[in-house]
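Participant: Below you will find the structure I want to go over with you.
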Amino acid sequence: MNPLKYILEKEFKQIFRDPAIIRVIFILPVIQLIILPLTADYEIKNINISIIDRDHSTTSNRLIHKITSSNYFKLIDYSGDFNQAMTGIDNDKADLIIELPRGFEADLYAQKKTTIFLAVNAINGVKANLGATYLRTIIQNYNNDFRIALLTPGRFNELPIIETTSSNWYNPKMNYKFFMVPGILVLLITMIGLNLSAINIVREKEIGTIEQINVTPIKKIHFILGKLIPFWILGLIVITIGLFIAWLFYGIIPLGTYFTIYVFAAVYLLIILGIGLLISTYAENQQQAMLISFFLLMIFVLMGGLYTNIDSMPEWAQWVTKFNPVAYFIEVMRRVVLKGSGLSDIKQLLSIMLIFAIVVNYWAVISYRKRS
Amino acid sequence: MKQFYHFILKEFYHIFRDRKTLLILLGMPMAQIIIFGFALSNEVKNAHITIVNESNGAASVQLVQKIEASKYFELYNQSTRTADIEKMFKKGVIKVALVIPSDFDKTILAQNNSRLQIIADATDPNVATTLTAYLSIIIADFQKEINQLNTVPYTIDLETRMMYNPQLKGAYNFVPGVMAMVLLLVCTMMTSLTIVREKELGNMEILLASPVNPLIIILAKAVPYLILSIINIITILLLSYFVLDVPINGSLILLFAVSILFILVSLSLGLLISSVTDSQKSAMFISLIVMFLPTVMFSGFIFPIENMPLPLRTISNIIPAKWYFIIVKSVMIKGLGFKLIWKEVLILTGMMLFLFSMAIKKFKIRLS
């Protein structure tokens, strides 16, 4: 007679008798996966720009035309007043101000050199950075065109010119969804898995049913496994639903195999659920358990590499992300879905995850005490 | 009034006796502000790059050194062959590759015309665009350097000033965002949980059967969290000012007043959630759905709202955190006065009144 079988039966019954949980598990991910990727459009377009043209010459007009006809910028203000343009930045209406000085054209012809002023609303670093970079590229291109039009090129270039060509691999159309959707799926199963398992044992403590289990001859490992396995199966089901939606709504089919994703997800879920159970064995009530799991979630999510780039973090923070399972799974998802990496490409990450899983769950088993 | 006072006292005892929870409630925001303030940044730097240098002449070595010296790139593996690039991308060890063809040095000297190829890992499109742009700028600089002897005619220079955040610090954006998240977490989730907990444990029946006005019971539950949140705001502001060097350019009183307004909104939301749920598990999941993800996605502190499709932009208007985020950014970093934020304040006030009256309307005196 295997006691595990009966514990599993109990746990499954408990889960399926709670309609709210079923809704959370099956409907929540669907809605979120459909809506959230639409919000997560990091592609910077519609950068609002104010132009102060003090020159009003043919050259300045052409440059302005060139800037506004690119897809990135939206001209919202074309007054000659710097203060008014600044108010635009204060109201968040404008992101950039360009000021073309008086004598822009004349200087360019006479002194062969002129300067444009650019003010950037830098509170939102991404937009500031990219906006300024785009603008620099446009102005540089304009500058080159201008130069070529004036200088008759000889058979050879008079000055060394380096041409660069760039190609974007794995996502040539630069589709942001390919990047976001698998990432959001990871966040979803993390949230559901961690929260459900974190309040599980502690709830039994709070209601008092844990006493009944403690007086039975069940082994600690059976108890923990009984809590782990049902959520593990649910987690895999959520992933399946998520991958299906990714295909149905966003046409995302992994370049690698589904098998690789599932192998990694299976190990990953063990870690997340193990962390949840660990919280659950230490916490005294559900409130505590939730606070801790939300705290961890915020760190996991914001430092997972989906919202900000891990390479740009300071060294100690990069070191912290080495202990963040979300960062591993997002990395693996990206590699499998977009780059077609196979098990052999991710075996290092997979083995780190395996070690995590063993440590966390072993810890959960020994920290669960049948005595209170 | 005396009853109300005693009930508040009771709630405080509840909170103070649960030392662990109290410690987490007060310590968590501090840990978060420090971690996120230092760790998160929108800047792209230290990206791993590999350079395939088939030329190995003086000019190409000089270019490689220039790239190595930049803070944006970190050279990975010096002697890479073209065939290795794909393997490196698949292993995820590099973000971008630069190929210097074998005739680079020859062409740059003889024909004044040479080509370079940049290959970016576009799984993250923004990082790819940024890195390509950075690399192009470095190459353009390099070109300028070798041209130093001959002045280039007709140059348009660009002088850039980063306003409000000259060092492009991520903290300027994340501190207001984390403030909104922490306040929602403490107010909305904790309030709804404490009330639902009484239901789950069966204490609610006793409380409702007492002669006390049930509303007083509920309101008394919210007061301690109001005070805890105010303490949290103070610690967050102190930390961000003294540790993270985020300036407080506007009026401190105004910042405080709007924060209290936002706390009231979150508390009302918590009360509403507790009125419509009866287990801590569902209260938590509702808080998760209406609070955590929408705050991250819709408040504009990570994803620009103006990029969203119109229906979602409309939805973002009902997220309180979005308005609070705008206000905090305006007051704290831009130093604007009430005149420029009254609209947002009005919206938050409206939300608070609506949520609070809904919570009272939905509050049931009888249990099932």
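All residue names refer to the structure tokens as shown: chains lettered A, B, ... in order, residues numbered from 1 in each chain, ligands numbered from 1 in order.
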Could you pull out the helix (DSSP H, G or I) residues of region 79-134 of chain B from DSSP and send them as number ranges by chain?

Facilitator: B: 82-91, 104-110, 125-134

Participant: Env of Leu131 (chain B): 8 Å cut, atoms = only C-alpha atoms, seq-sep filter 2 positions within chain, self excluded. Answer as a list in words.

Facilitator: Val44, Ala47, Val96, Ala120, Val127, Ala128, Thr129, Ala133, Tyr134 and Leu135 of chain B

Participant: What is the CA of Ile22 (chain A) to CA of Val276 (chain B) distance in Å?

Facilitator: 18.0 Å

Participant: I'd like the neighbourhood of Asn141 (chain A) as a ChimeraX atom specification, where a residue qualifies if any of its atoms comes within 12 Å (using only C-alpha atoms), though same-chain residues fewer than 4 positions away should be ignored.

Facilitator: /A:63,66-67,134-137,145-148 /B:140,155-156

Participant: If you run DSSP on the backbone, which residues of region 63-295 of chain A are strand (DSSP E or B), as a PDB file with N, CA and C atoms, in the first residue's frame?

Facilitator:
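Produced file selection-v2.pdb, reproduced below:
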```pdb
ATOM      1  N   PHE A  73       9.341  59.756 -35.332  1.00  0.00           N
ATOM      2  CA  PHE A  73       9.050  61.006 -34.640  1.00  0.00           C
ATOM      3  C   PHE A  73       7.713  61.594 -35.042  1.00  0.00           C
ATOM      4  N   LYS A  74       7.091  62.210 -34.041  1.00  0.00           N
ATOM      5  CA  LYS A  74       5.832  62.889 -34.293  1.00  0.00           C
ATOM      6  C   LYS A  74       6.044  64.344 -33.912  1.00  0.00           C
ATOM      7  N   LEU A  75       5.878  65.223 -34.866  1.00  0.00           N
ATOM      8  CA  LEU A  75       6.082  66.642 -34.582  1.00  0.00           C
ATOM      9  C   LEU A  75       4.865  67.168 -33.846  1.00  0.00           C
ATOM     10  N   ILE A  76       5.044  67.646 -32.632  1.00  0.00           N
ATOM     11  CA  ILE A  76       3.876  68.127 -31.916  1.00  0.00           C
ATOM     12  C   ILE A  76       3.901  69.634 -31.726  1.00  0.00           C
ATOM     13  N   ASP A  77       5.056  70.232 -31.898  1.00  0.00           N
ATOM     14  CA  ASP A  77       5.119  71.655 -31.633  1.00  0.00           C
ATOM     15  C   ASP A  77       6.152  72.257 -32.572  1.00  0.00           C
ATOM     16  N   LEU A  96      11.473  65.145 -26.936  1.00  0.00           N
ATOM     17  CA  LEU A  96      12.720  65.750 -27.413  1.00  0.00           C
ATOM     18  C   LEU A  96      12.449  67.171 -27.888  1.00  0.00           C
ATOM     19  N   ILE A  97      13.431  68.026 -27.702  1.00  0.00           N
ATOM     20  CA  ILE A  97      13.362  69.356 -28.314  1.00  0.00           C
ATOM     21  C   ILE A  97      14.606  69.524 -29.174  1.00  0.00           C
ATOM     22  N   ILE A  98      14.398  69.932 -30.406  1.00  0.00           N
ATOM     23  CA  ILE A  98      15.549  70.226 -31.254  1.00  0.00           C
ATOM     24  C   ILE A  98      15.560  71.716 -31.516  1.00  0.00           C
ATOM     25  N   GLU A  99      16.706  72.310 -31.361  1.00  0.00           N
ATOM     26  CA  GLU A  99      16.799  73.732 -31.638  1.00  0.00           C
ATOM     27  C   GLU A  99      17.818  73.958 -32.748  1.00  0.00           C
ATOM     28  N   LEU A 100      17.327  74.487 -33.869  1.00  0.00           N
ATOM     29  CA  LEU A 100      18.231  74.831 -34.962  1.00  0.00           C
ATOM     30  C   LEU A 100      18.561  76.310 -34.815  1.00  0.00           C
ATOM     31  N   LYS A 113      30.793  74.265 -40.593  1.00  0.00           N
ATOM     32  CA  LYS A 113      30.520  73.557 -39.348  1.00  0.00           C
ATOM     33  C   LYS A 113      29.395  74.268 -38.626  1.00  0.00           C
ATOM     34  N   THR A 114      28.458  73.510 -38.083  1.00  0.00           N
ATOM     35  CA  THR A 114      27.382  74.125 -37.336  1.00  0.00           C
ATOM     36  C   THR A 114      26.878  73.147 -36.279  1.00  0.00           C
ATOM     37  N   THR A 115      26.192  73.670 -35.285  1.00  0.00           N
ATOM     38  CA  THR A 115      25.774  72.801 -34.188  1.00  0.00           C
ATOM     39  C   THR A 115      24.269  72.886 -33.964  1.00  0.00           C
ATOM     40  N   ILE A 116      23.672  71.732 -33.735  1.00  0.00           N
ATOM     41  CA  ILE A 116      22.250  71.675 -33.416  1.00  0.00           C
ATOM     42  C   ILE A 116      22.128  71.321 -31.948  1.00  0.00           C
ATOM     43  N   PHE A 117      21.181  71.931 -31.252  1.00  0.00           N
ATOM     44  CA  PHE A 117      20.989  71.581 -29.854  1.00  0.00           C
ATOM     45  C   PHE A 117      19.832  70.611 -29.706  1.00  0.00           C
ATOM     46  N   LEU A 118      20.044  69.644 -28.837  1.00  0.00           N
ATOM     47  CA  LEU A 118      19.016  68.641 -28.620  1.00  0.00           C
ATOM     48  C   LEU A 118      18.806  68.496 -27.118  1.00  0.00           C
ATOM     49  N   ALA A 119      17.552  68.674 -26.678  1.00  0.00           N
ATOM     50  CA  ALA A 119      17.255  68.463 -25.259  1.00  0.00           C
ATOM     51  C   ALA A 119      16.359  67.241 -25.154  1.00  0.00           C
ATOM     52  N   VAL A 120      16.686  66.340 -24.241  1.00  0.00           N
ATOM     53  CA  VAL A 120      15.957  65.081 -24.138  1.00  0.00           C
ATOM     54  C   VAL A 120      15.326  64.972 -22.757  1.00  0.00           C
ATOM     55  N   ASN A 121      14.078  64.575 -22.718  1.00  0.00           N
ATOM     56  CA  ASN A 121      13.428  64.286 -21.444  1.00  0.00           C
ATOM     57  C   ASN A 121      13.904  62.909 -20.995  1.00  0.00           C
ATOM     58  N   ILE A 161      36.256  56.000 -46.055  1.00  0.00           N
ATOM     59  CA  ILE A 161      34.874  55.842 -45.622  1.00  0.00           C
ATOM     60  C   ILE A 161      34.652  54.384 -45.257  1.00  0.00           C
ATOM     61  N   ILE A 162      34.080  54.180 -44.089  1.00  0.00           N
ATOM     62  CA  ILE A 162      33.781  52.809 -43.691  1.00  0.00           C
ATOM     63  C   ILE A 162      32.288  52.612 -43.794  1.00  0.00           C
ATOM     64  N   GLU A 163      31.915  51.653 -44.579  1.00  0.00           N
ATOM     65  CA  GLU A 163      30.494  51.374 -44.695  1.00  0.00           C
ATOM     66  C   GLU A 163      30.162  50.230 -43.757  1.00  0.00           C
ATOM     67  N   THR A 164      29.068  50.350 -43.043  1.00  0.00           N
ATOM     68  CA  THR A 164      28.691  49.204 -42.217  1.00  0.00           C
ATOM     69  C   THR A 164      27.354  48.670 -42.685  1.00  0.00           C
ATOM     70  N   THR A 165      27.270  47.370 -42.729  1.00  0.00           N
ATOM     71  CA  THR A 165      25.974  46.755 -42.978  1.00  0.00           C
ATOM     72  C   THR A 165      25.616  45.984 -41.723  1.00  0.00           C
ATOM     73  N   SER A 166      24.363  46.010 -41.368  1.00  0.00           N
ATOM     74  CA  SER A 166      24.007  45.268 -40.159  1.00  0.00           C
ATOM     75  C   SER A 166      22.870  44.317 -40.459  1.00  0.00           C
ATOM     76  N   SER A 167      22.920  43.184 -39.802  1.00  0.00           N
ATOM     77  CA  SER A 167      21.814  42.252 -39.977  1.00  0.00           C
ATOM     78  C   SER A 167      21.336  41.804 -38.608  1.00  0.00           C
ATOM     79  N   ASN A 168      20.052  41.590 -38.497  1.00  0.00           N
ATOM     80  CA  ASN A 168      19.461  41.168 -37.243  1.00  0.00           C
ATOM     81  C   ASN A 168      19.062  39.707 -37.335  1.00  0.00           C
ATOM     82  N   TRP A 169      19.791  38.902 -36.630  1.00  0.00           N
ATOM     83  CA  TRP A 169      19.518  37.480 -36.701  1.00  0.00           C
ATOM     84  C   TRP A 169      18.375  37.076 -35.784  1.00  0.00           C
TER      85      TRP A 169
END
```

Participant: I'd like the neighbourhood of Pro182 (chain A) as a list in words, where a residue qualifies if any of its atoms comes within 9 Å (using only C-alpha atoms), though same-chain residues fewer than 2 positions away should be ignored.

Facilitator: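 In the requested format, the answer is Lys177, Phe178, Phe179, Met180, Ile184, Leu185, Val186, Leu187, Gly242, Leu243, Ala246, Ile252, Ile330, Met333, Arg334 and Val337 of chain A.
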
Participant: Between B:Val99, B:Ile341, B:Leu26, B:Met181, which is the closest to Ile49 (chain B) once you count only C-alpha atoms?

Facilitator: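 Answer, going by the shortest atom-to-atom distance: B:Val99.
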
Participant: Please report as a Markdown table every residue of region 234-288 of chain A lying within 12 Å of region 210-225 of chain A, along with the nearest atom pair and their distance in Å (one decimal), using only C-alpha atoms.

Facilitator:
```
| residue | atom | partner | partner_atom | distance |
| --- | --- | --- | --- | --- |
| A:Leu270 | CA | A:Leu225 | CA | 10.4 |
| A:Leu273 | CA | A:Ile224 | CA | 10.3 |
| A:Gly274 | CA | A:Ile224 | CA | 9.0 |
| A:Ile275 | CA | A:Ile224 | CA | 11.9 |
| A:Gly276 | CA | A:Ile224 | CA | 11.2 |
| A:Leu277 | CA | A:Ile224 | CA | 7.8 |
| A:Leu278 | CA | A:Ile224 | CA | 9.9 |
| A:Ser280 | CA | A:Ile224 | CA | 10.9 |
| A:Thr281 | CA | A:Ile224 | CA | 10.1 |
```

Participant: Record the distance separating CA of Gly183 (chain A) and CA of Ile310 (chain A), expressed in Å with one decimal.

Facilitator: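 If I compute the distance from CA of Gly183 (chain A) to CA of Ile310 (chain A), I get 14.2 Å.
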
Participant: Determine, counting only C-alpha atoms, which protein, DNA and RNA residues have an atom within 10 Å of an atom of Thr240 (chain A); residues of the same chain fewer than 6 positions away are not included. Present the result as a ChimeraX atom specification.

Facilitator: /A:234,246,258,262

Participant: Excluding same-chain residues fewer than 6 positions from Gly305 (chain A), what lies within 9 Å of it counting only C-alpha atoms, as a PyMOL selection string?

Facilitator: chain A and resi 311+321+326-327+330-331

Participant: Excluding Ile279 (chain A) and any residue of its chain fewer than 3 positions from it, enumerate the residues within 8 Å of it, using only C-alpha atoms, and give them as a list in words.

Facilitator: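 These residues fall inside the cut-off: Ala198, Ile275, Gly276, Tyr282, Ala283, Ala289, Ile292 and Ser293 of chain A.
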
Participant: My list of candidates is A:Glu9, A:Asp55, A:Glu284, A:Asp81. Which is closest to chain B when distances are computed with only C-alpha atoms?

Facilitator: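 Closest to chain B of all the choices is A:Glu284.
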
Participant: Counting only C-alpha atoms, which of B:Thr191, B:Ser268, B:Ser102, B:Thr80 gets nearest to chain A?

Facilitator: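 Selected residue with least distance to chain A: B:Thr191.
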